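Engineer: Pasting a structure here, questions to come.
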Number of protein chains: 2
Amino acid sequence: MGRRSLHTAEELRELIISASTELIQEAGLSGLSAREIARRINYSPGTLYNSFENLDDLVLTIEGRLLDRLIEALAAVPAGGDPRERVHALASCYLAFAARNPKLWNLLFEHHVPVAQGVPDSYQQKFEALMAIIEDALRPLAGARGDDDIKRSARVLWAGVHGISSLSAADKLSIIAADDAGALMDDLVRNYLNGFEAARSQAGS
Amino acid sequence: MGRRSLHTAEELRELIISASTELIQEAGLSGLSAREIARRINYSPGTLYNSFENLDDLVLTIEGRLLDRLIEALAAVPAGGDPRERVHALASCYLAFAARNPKLWNLLFEHHVPVAQGVPDSYQQKFEALMAIIEDALRPLAGARGDDDIKRSARVLWAGVHGISSLSAADKLSIIAADDAGALMDDLVRNYLNGFEAARSQAGS
DNA sequence: ACCTGAACACCGTTCAAGT
DNA sequence: ACCTGAACACCGTTCAAGT
């Protein structure tokens, strides 16, 4: 049939992205397929490849947007007030974000990009931006500690928070009941920060 | 052609399991396919379905064996000595286990079983056994705390340890360099235990 | 320039037919 | 009883052909 031009290139791109996002929300990464996307937007499968290099490229685009939304949500957590409370608030914001859309969130950890393709730089930058938010929240609690210590603690806390939310979202290992996740998160942050603050005057460890 | 009986049912089952495990080690879950397994063991694809219900059943079997091996490794960590050192030793044993075979390890978190099928009970039991090891290691540090506190802390620590090892294995988010994972793990355990021990005499939180 | 649809090389799973 | 191989309903991706 040839050209239709019902949509501009940008419109088509958005159409593909939103159909894919819905598909993932419904059925996870394994439920995503180029042919099913095409069916839903009423184009032929080949058309997708005008907008994206391949499915990995599409998925990476969706992941980028997801990270943007998370950064936005974390940035909206009010500053000021008790520094410890702020860390707790950031952690529960993260948990809530992941819980709001588990299948979409899982994408970030399920989806592996072929080594040849590689991850876009923008990706790494978004994670740096994320870490910067946590680092800033830790700084008031760091006492005489240097930036290296803060950086490390931000990563440790992030990993811990991620571990809890990932295990509570995992269907298989119901070690962490979903409704316990909040309590576990608070326990982690509280105990870790206790240790972090207690050691604030010491050099090295 | 019909029956061949080159292998007993058990032998065939093991053949399938080991070919699949190798395939996963090479190319991850997405590299696993019934047809490729069949090619490698020189049987037709249909034969797999005499030994396993479907691919999910096969993968769950592999995951079960993996958990058995982890429990074995953790159980071999020497008891006695400084209780805090023991927790550190368990954490690095876990990390080393995951790092030794990242793709196989990732299976546990990438592979989602359809809700209809459900996870075998043996699975849940293995996780309980895992948690019991960590709980036992925490008990000497728990002071007057009750079992609920110990249970919760075991889960929090496990989630944290899992978070670090999962992020360091993720190709995409190179927030945690693989060679830093050990240092982060030590930081987590040290600070968390500091908080855990400091609060030991307090009631509630 | 944009889009189609056939084509190619793959999947998981089932099941009649053969030994 | 055990195994095959064709069959069915799917994939991702490419690309000549059409408008």
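Chain labels follow the order of the structure tokens: the first chain is A, the next B, and so on; residue numbering restarts at 1 in every chain, and ligands are counted from 1 in their shown order.
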Define the interface residues of chain A facing chain B as those within 9 Å, counting only C-alpha atoms, and report them as JSON, numbers by chain.

Structural biologist: {"A": [106, 108, 109, 110, 111, 112, 113, 115, 118, 119, 123, 124, 127, 128, 131, 152, 153, 155, 156, 157, 158, 159, 160, 161, 162, 163, 164, 165, 166, 167, 170, 171, 172, 173, 174, 175, 176, 183, 184, 185, 187, 188, 189, 190, 191, 192, 193, 194, 195, 196, 198, 199, 205]}

Engineer: With a distance threshold of 9 Å and counting only C-alpha atoms (C1' of nucleotides), extract the residues of chain D near chain A and express them as a PyMOL selection string.

Structural biologist: chain D and resi 11-14+18-19

Engineer: Go ahead and write the residues just picked, all heavy atoms, as a compact mmCIF listing (two decimals), in the first residue's frame.

Structural biologist:
```txt
# COMPACT_ATOMS: atom_id res chain seq x y z
P DC D 11 3.49 -13.08 18.36
OP1 DC D 11 2.70 -12.26 19.29
OP2 DC D 11 3.30 -12.91 16.90
O5' DC D 11 5.02 -12.86 18.71
C5' DC D 11 5.95 -13.15 17.72
C4' DC D 11 7.26 -13.47 18.33
O4' DC D 11 7.61 -14.80 17.96
C3' DC D 11 8.33 -12.55 17.80
O3' DC D 11 8.70 -11.64 18.80
C2' DC D 11 9.45 -13.47 17.40
C1' DC D 11 8.75 -14.79 17.11
N1 DC D 11 8.30 -15.03 15.71
C2 DC D 11 9.27 -15.20 14.72
O2 DC D 11 10.46 -15.12 15.03
N3 DC D 11 8.88 -15.44 13.45
C4 DC D 11 7.57 -15.51 13.15
N4 DC D 11 7.22 -15.77 11.88
C5 DC D 11 6.56 -15.33 14.16
C6 DC D 11 6.97 -15.08 15.41
P DG D 12 8.93 -10.13 18.42
OP1 DG D 12 9.09 -9.36 19.67
OP2 DG D 12 7.92 -9.76 17.42
O5' DG D 12 10.34 -10.22 17.68
C5' DG D 12 11.49 -10.53 18.44
C4' DG D 12 12.72 -10.37 17.58
O4' DG D 12 12.58 -11.21 16.42
C3' DG D 12 12.90 -8.95 17.05
O3' DG D 12 14.29 -8.66 17.02
C2' DG D 12 12.28 -9.01 15.65
C1' DG D 12 12.57 -10.45 15.23
N9 DG D 12 11.54 -11.03 14.35
C8 DG D 12 10.19 -11.07 14.57
N7 DG D 12 9.51 -11.66 13.63
C5 DG D 12 10.48 -12.06 12.73
C6 DG D 12 10.35 -12.76 11.48
O6 DG D 12 9.32 -13.17 10.93
N1 DG D 12 11.58 -12.95 10.88
C2 DG D 12 12.79 -12.55 11.40
N2 DG D 12 13.87 -12.82 10.67
N3 DG D 12 12.93 -11.89 12.56
C4 DG D 12 11.73 -11.68 13.16
P DT D 13 14.85 -7.22 16.61
OP1 DT D 13 16.21 -7.09 17.16
OP2 DT D 13 13.80 -6.22 16.88
O5' DT D 13 14.99 -7.41 15.04
C5' DT D 13 15.77 -8.49 14.55
C4' DT D 13 15.78 -8.47 13.04
O4' DT D 13 14.57 -9.07 12.55
C3' DT D 13 15.86 -7.08 12.41
O3' DT D 13 17.05 -7.03 11.64
C2' DT D 13 14.59 -6.96 11.57
C1' DT D 13 14.24 -8.43 11.34
N1 DT D 13 12.81 -8.74 11.10
C2 DT D 13 12.47 -9.49 10.00
O2 DT D 13 13.30 -9.91 9.21
N3 DT D 13 11.13 -9.74 9.84
C4 DT D 13 10.10 -9.31 10.68
O4 DT D 13 8.94 -9.60 10.43
C5 DT D 13 10.52 -8.53 11.82
C7 DT D 13 9.50 -8.02 12.78
C6 DT D 13 11.84 -8.28 11.98
P DT D 14 17.43 -5.79 10.72
OP1 DT D 14 18.89 -5.69 10.73
OP2 DT D 14 16.57 -4.65 11.10
O5' DT D 14 16.98 -6.32 9.30
C5' DT D 14 17.45 -7.59 8.87
C4' DT D 14 17.05 -7.85 7.43
O4' DT D 14 15.63 -8.16 7.37
C3' DT D 14 17.26 -6.66 6.48
O3' DT D 14 17.80 -7.19 5.28
C2' DT D 14 15.85 -6.09 6.28
C1' DT D 14 15.00 -7.35 6.40
N1 DT D 14 13.60 -7.18 6.87
C2 DT D 14 12.61 -7.90 6.26
O2 DT D 14 12.81 -8.66 5.33
N3 DT D 14 11.34 -7.70 6.78
C4 DT D 14 10.99 -6.88 7.83
O4 DT D 14 9.83 -6.79 8.21
C5 DT D 14 12.10 -6.15 8.43
C7 DT D 14 11.83 -5.23 9.57
C6 DT D 14 13.33 -6.34 7.93
P DG D 18 5.33 -3.83 -7.38
OP1 DG D 18 4.50 -4.49 -8.39
OP2 DG D 18 5.91 -2.49 -7.64
O5' DG D 18 4.49 -3.77 -6.03
C5' DG D 18 3.18 -3.23 -6.07
C4' DG D 18 3.06 -2.09 -5.10
O4' DG D 18 4.35 -1.71 -4.57
C3' DG D 18 2.51 -0.81 -5.72
O3' DG D 18 1.19 -0.61 -5.25
C2' DG D 18 3.45 0.30 -5.28
C1' DG D 18 4.24 -0.36 -4.17
N9 DG D 18 5.56 0.20 -3.95
C8 DG D 18 6.71 -0.01 -4.71
N7 DG D 18 7.76 0.62 -4.25
C5 DG D 18 7.27 1.29 -3.12
C6 DG D 18 7.96 2.14 -2.20
O6 DG D 18 9.14 2.48 -2.21
N1 DG D 18 7.10 2.59 -1.20
C2 DG D 18 5.77 2.26 -1.10
N2 DG D 18 5.11 2.80 -0.07
N3 DG D 18 5.13 1.47 -1.94
C4 DG D 18 5.94 1.02 -2.93
P DT D 19 0.23 0.34 -6.00
OP1 DT D 19 -1.17 -0.07 -5.74
OP2 DT D 19 0.74 0.47 -7.38
O5' DT D 19 0.49 1.71 -5.26
C5' DT D 19 -0.29 2.07 -4.13
C4' DT D 19 0.27 3.36 -3.54
O4' DT D 19 1.69 3.25 -3.45
C3' DT D 19 -0.02 4.59 -4.39
O3' DT D 19 -0.89 5.45 -3.67
C2' DT D 19 1.34 5.24 -4.61
C1' DT D 19 2.22 4.56 -3.56
N1 DT D 19 3.66 4.43 -3.91
C2 DT D 19 4.58 5.05 -3.10
O2 DT D 19 4.28 5.68 -2.12
N3 DT D 19 5.89 4.88 -3.48
C4 DT D 19 6.36 4.18 -4.57
O4 DT D 19 7.54 4.09 -4.79
C5 DT D 19 5.34 3.56 -5.38
C7 DT D 19 5.73 2.77 -6.59
C6 DT D 19 4.04 3.72 -5.03
```

Engineer: Find the spatial neighbours of Glu36 of chain A, counting only C-alpha atoms (C1' of nucleotides), within a cut-off of 10 Å - ignore same-chain residues fewer than 6 positions away - and output them as a count of residues only.

Structural biologist: 6

Engineer: Name all residues at most 12 Å from Gln25 of chain A (count only C-alpha atoms (C1' of nucleotides); drop same-chain ones fewer than 3 positions away) and give them as a JSON list (two decimals) with N, CA, C and O atoms, in the first residue's frame.

Structural biologist:
```
[["chain", "number", "residue", "atom", "x", "y", "z"],
["A", 18, "SER", "N", 4.15, 4.24, 23.66],
["A", 18, "SER", "CA", 3.08, 4.08, 24.66],
["A", 18, "SER", "C", 2.41, 2.71, 24.53],
["A", 18, "SER", "O", 2.05, 2.11, 25.54],
["A", 19, "ALA", "N", 2.29, 2.20, 23.31],
["A", 19, "ALA", "CA", 1.75, 0.84, 23.18],
["A", 19, "ALA", "C", 2.67, -0.17, 23.86],
["A", 19, "ALA", "O", 2.21, -1.10, 24.54],
["A", 20, "SER", "N", 3.97, 0.02, 23.70],
["A", 20, "SER", "CA", 4.94, -0.90, 24.30],
["A", 20, "SER", "C", 4.90, -0.83, 25.81],
["A", 20, "SER", "O", 4.95, -1.86, 26.50],
["A", 21, "THR", "N", 4.79, 0.39, 26.32],
["A", 21, "THR", "CA", 4.76, 0.56, 27.77],
["A", 21, "THR", "C", 3.54, -0.15, 28.35],
["A", 21, "THR", "O", 3.65, -0.86, 29.35],
["A", 22, "GLU", "N", 2.41, 0.01, 27.70],
["A", 22, "GLU", "CA", 1.21, -0.68, 28.18],
["A", 22, "GLU", "C", 1.38, -2.20, 28.14],
["A", 22, "GLU", "O", 1.01, -2.91, 29.07],
["A", 28, "GLY", "N", 4.77, -7.79, 31.24],
["A", 28, "GLY", "CA", 6.21, -7.82, 31.47],
["A", 28, "GLY", "C", 7.00, -7.85, 30.17],
["A", 28, "GLY", "O", 6.43, -7.89, 29.08],
["A", 29, "LEU", "N", 8.30, -7.86, 30.33],
["A", 29, "LEU", "CA", 9.18, -7.84, 29.16],
["A", 29, "LEU", "C", 8.91, -8.99, 28.22],
["A", 29, "LEU", "O", 8.94, -8.85, 26.99],
["A", 30, "SER", "N", 8.62, -10.16, 28.79],
["A", 30, "SER", "CA", 8.41, -11.33, 27.93],
["A", 30, "SER", "C", 7.10, -11.23, 27.15],
["A", 30, "SER", "O", 6.88, -11.97, 26.20],
["A", 31, "GLY", "N", 6.24, -10.32, 27.55],
["A", 31, "GLY", "CA", 4.99, -10.12, 26.82],
["A", 31, "GLY", "C", 5.12, -9.11, 25.69],
["A", 31, "GLY", "O", 4.16, -8.88, 24.94],
["A", 32, "LEU", "N", 6.29, -8.52, 25.60],
["A", 32, "LEU", "CA", 6.52, -7.52, 24.55],
["A", 32, "LEU", "C", 6.94, -8.20, 23.25],
["A", 32, "LEU", "O", 7.81, -9.05, 23.25],
["A", 62, "ILE", "N", 12.38, 3.35, 26.57],
["A", 62, "ILE", "CA", 11.38, 3.28, 27.63],
["A", 62, "ILE", "C", 12.04, 3.35, 29.01],
["A", 62, "ILE", "O", 11.56, 4.04, 29.90],
["A", 99, "ALA", "N", 6.76, 0.06, 43.36],
["A", 99, "ALA", "CA", 5.56, -0.74, 43.63],
["A", 99, "ALA", "C", 4.39, -0.33, 42.76],
["A", 99, "ALA", "O", 3.51, -1.14, 42.47],
["A", 100, "ARG", "N", 4.40, 0.92, 42.34],
["A", 100, "ARG", "CA", 3.29, 1.44, 41.55],
["A", 100, "ARG", "C", 3.21, 0.72, 40.20],
["A", 100, "ARG", "O", 2.15, 0.59, 39.61],
["A", 101, "ASN", "N", 4.37, 0.28, 39.73],
["A", 101, "ASN", "CA", 4.35, -0.40, 38.45],
["A", 101, "ASN", "C", 5.45, -1.44, 38.35],
["A", 101, "ASN", "O", 6.43, -1.26, 37.63],
["A", 102, "PRO", "N", 5.25, -2.52, 39.05],
["A", 102, "PRO", "CA", 6.32, -3.51, 39.24],
["A", 102, "PRO", "C", 6.89, -4.02, 37.92],
["A", 102, "PRO", "O", 8.11, -4.13, 37.78],
["A", 103, "LYS", "N", 6.04, -4.35, 36.97],
["A", 103, "LYS", "CA", 6.55, -4.97, 35.74],
["A", 103, "LYS", "C", 7.40, -4.01, 34.94],
["A", 103, "LYS", "O", 8.40, -4.39, 34.35],
["A", 104, "LEU", "N", 6.97, -2.77, 34.91],
["A", 104, "LEU", "CA", 7.75, -1.75, 34.20],
["A", 104, "LEU", "C", 9.08, -1.54, 34.91],
["A", 104, "LEU", "O", 10.14, -1.43, 34.29],
["A", 105, "TRP", "N", 9.02, -1.50, 36.23],
["A", 105, "TRP", "CA", 10.23, -1.27, 37.01],
["A", 105, "TRP", "C", 11.22, -2.42, 36.85],
["A", 105, "TRP", "O", 12.43, -2.22, 36.75],
["A", 106, "ASN", "N", 10.70, -3.63, 36.82],
["A", 106, "ASN", "CA", 11.55, -4.80, 36.66],
["A", 106, "ASN", "C", 12.36, -4.78, 35.37],
["A", 106, "ASN", "O", 13.42, -5.37, 35.27],
["A", 107, "LEU", "N", 11.81, -4.10, 34.39],
["A", 107, "LEU", "CA", 12.48, -3.95, 33.12],
["A", 107, "LEU", "C", 13.95, -3.57, 33.29],
["A", 107, "LEU", "O", 14.83, -4.11, 32.60]]
```

Engineer: Just the alpha helix (DSSP H) stuff from chain B, please, per backbone DSSP, written as number ranges by chain.

Structural biologist: B: 9-27, 34-41, 48-51, 55-75, 83-100, 102-110, 121-138, 147-169, 181-198

Engineer: I want to know what sits within 12 Å of DC15 of chain C, based on only C-alpha atoms (C1' of nucleotides), with residues of the same chain fewer than 3 positions away left out; could you give that as an MDAnalysis selection string?

Structural biologist: (chainID B and resid 46 49) or (chainID D and resid 4:8)

Engineer: Can you write out the residues you just picked, keeping N, CA and C atoms (P, O5', C5', C4', C3', O3' and C1' of nucleotides), as a compact mmCIF listing (two decimals), in the first residue's frame?

Structural biologist:
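Written out: out.txt:
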```txt
# COMPACT_ATOMS: atom_id res chain seq x y z
N GLY B 46 10.81 -32.72 20.96
CA GLY B 46 9.69 -33.33 21.66
C GLY B 46 10.10 -34.16 22.86
N TYR B 49 9.92 -33.04 26.53
CA TYR B 49 8.63 -32.98 27.20
C TYR B 49 8.23 -34.31 27.84
P DT D 4 14.67 -38.76 19.25
O5' DT D 4 13.59 -38.89 18.10
C5' DT D 4 13.71 -39.95 17.17
C4' DT D 4 12.75 -39.75 16.01
C3' DT D 4 12.91 -38.41 15.29
O3' DT D 4 12.96 -38.69 13.89
C1' DT D 4 10.66 -38.67 16.03
P DG D 5 13.70 -37.69 12.88
O5' DG D 5 12.46 -36.90 12.30
C5' DG D 5 11.39 -37.64 11.72
C4' DG D 5 10.21 -36.75 11.49
C3' DG D 5 10.56 -35.33 11.02
O3' DG D 5 9.49 -34.88 10.19
C1' DG D 5 9.37 -35.16 13.00
P DA D 6 9.78 -34.02 8.91
O5' DA D 6 8.29 -33.69 8.49
C5' DA D 6 7.30 -34.71 8.62
C4' DA D 6 6.05 -34.14 9.24
C3' DA D 6 5.65 -32.75 8.71
O3' DA D 6 4.26 -32.77 8.44
C1' DA D 6 5.75 -32.70 11.07
P DA D 7 3.55 -31.53 7.73
O5' DA D 7 2.73 -30.86 8.92
C5' DA D 7 1.99 -31.70 9.80
C4' DA D 7 1.40 -30.84 10.90
C3' DA D 7 1.04 -29.43 10.45
O3' DA D 7 -0.27 -29.10 10.91
C1' DA D 7 2.46 -29.35 12.34
P DC D 8 -1.02 -27.78 10.36
O5' DC D 8 -1.02 -26.82 11.64
C5' DC D 8 -1.56 -27.31 12.87
C4' DC D 8 -1.30 -26.30 13.95
C3' DC D 8 -1.47 -24.86 13.47
O3' DC D 8 -2.31 -24.14 14.35
C1' DC D 8 0.62 -25.15 14.53
```

Engineer: Which value, in Å to one decimal, gives the distance between atom CA of Ala129 of chain B and atom CA of Gly143 of chain B?

Structural biologist: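 Those two atoms sit 22.8 Å apart.
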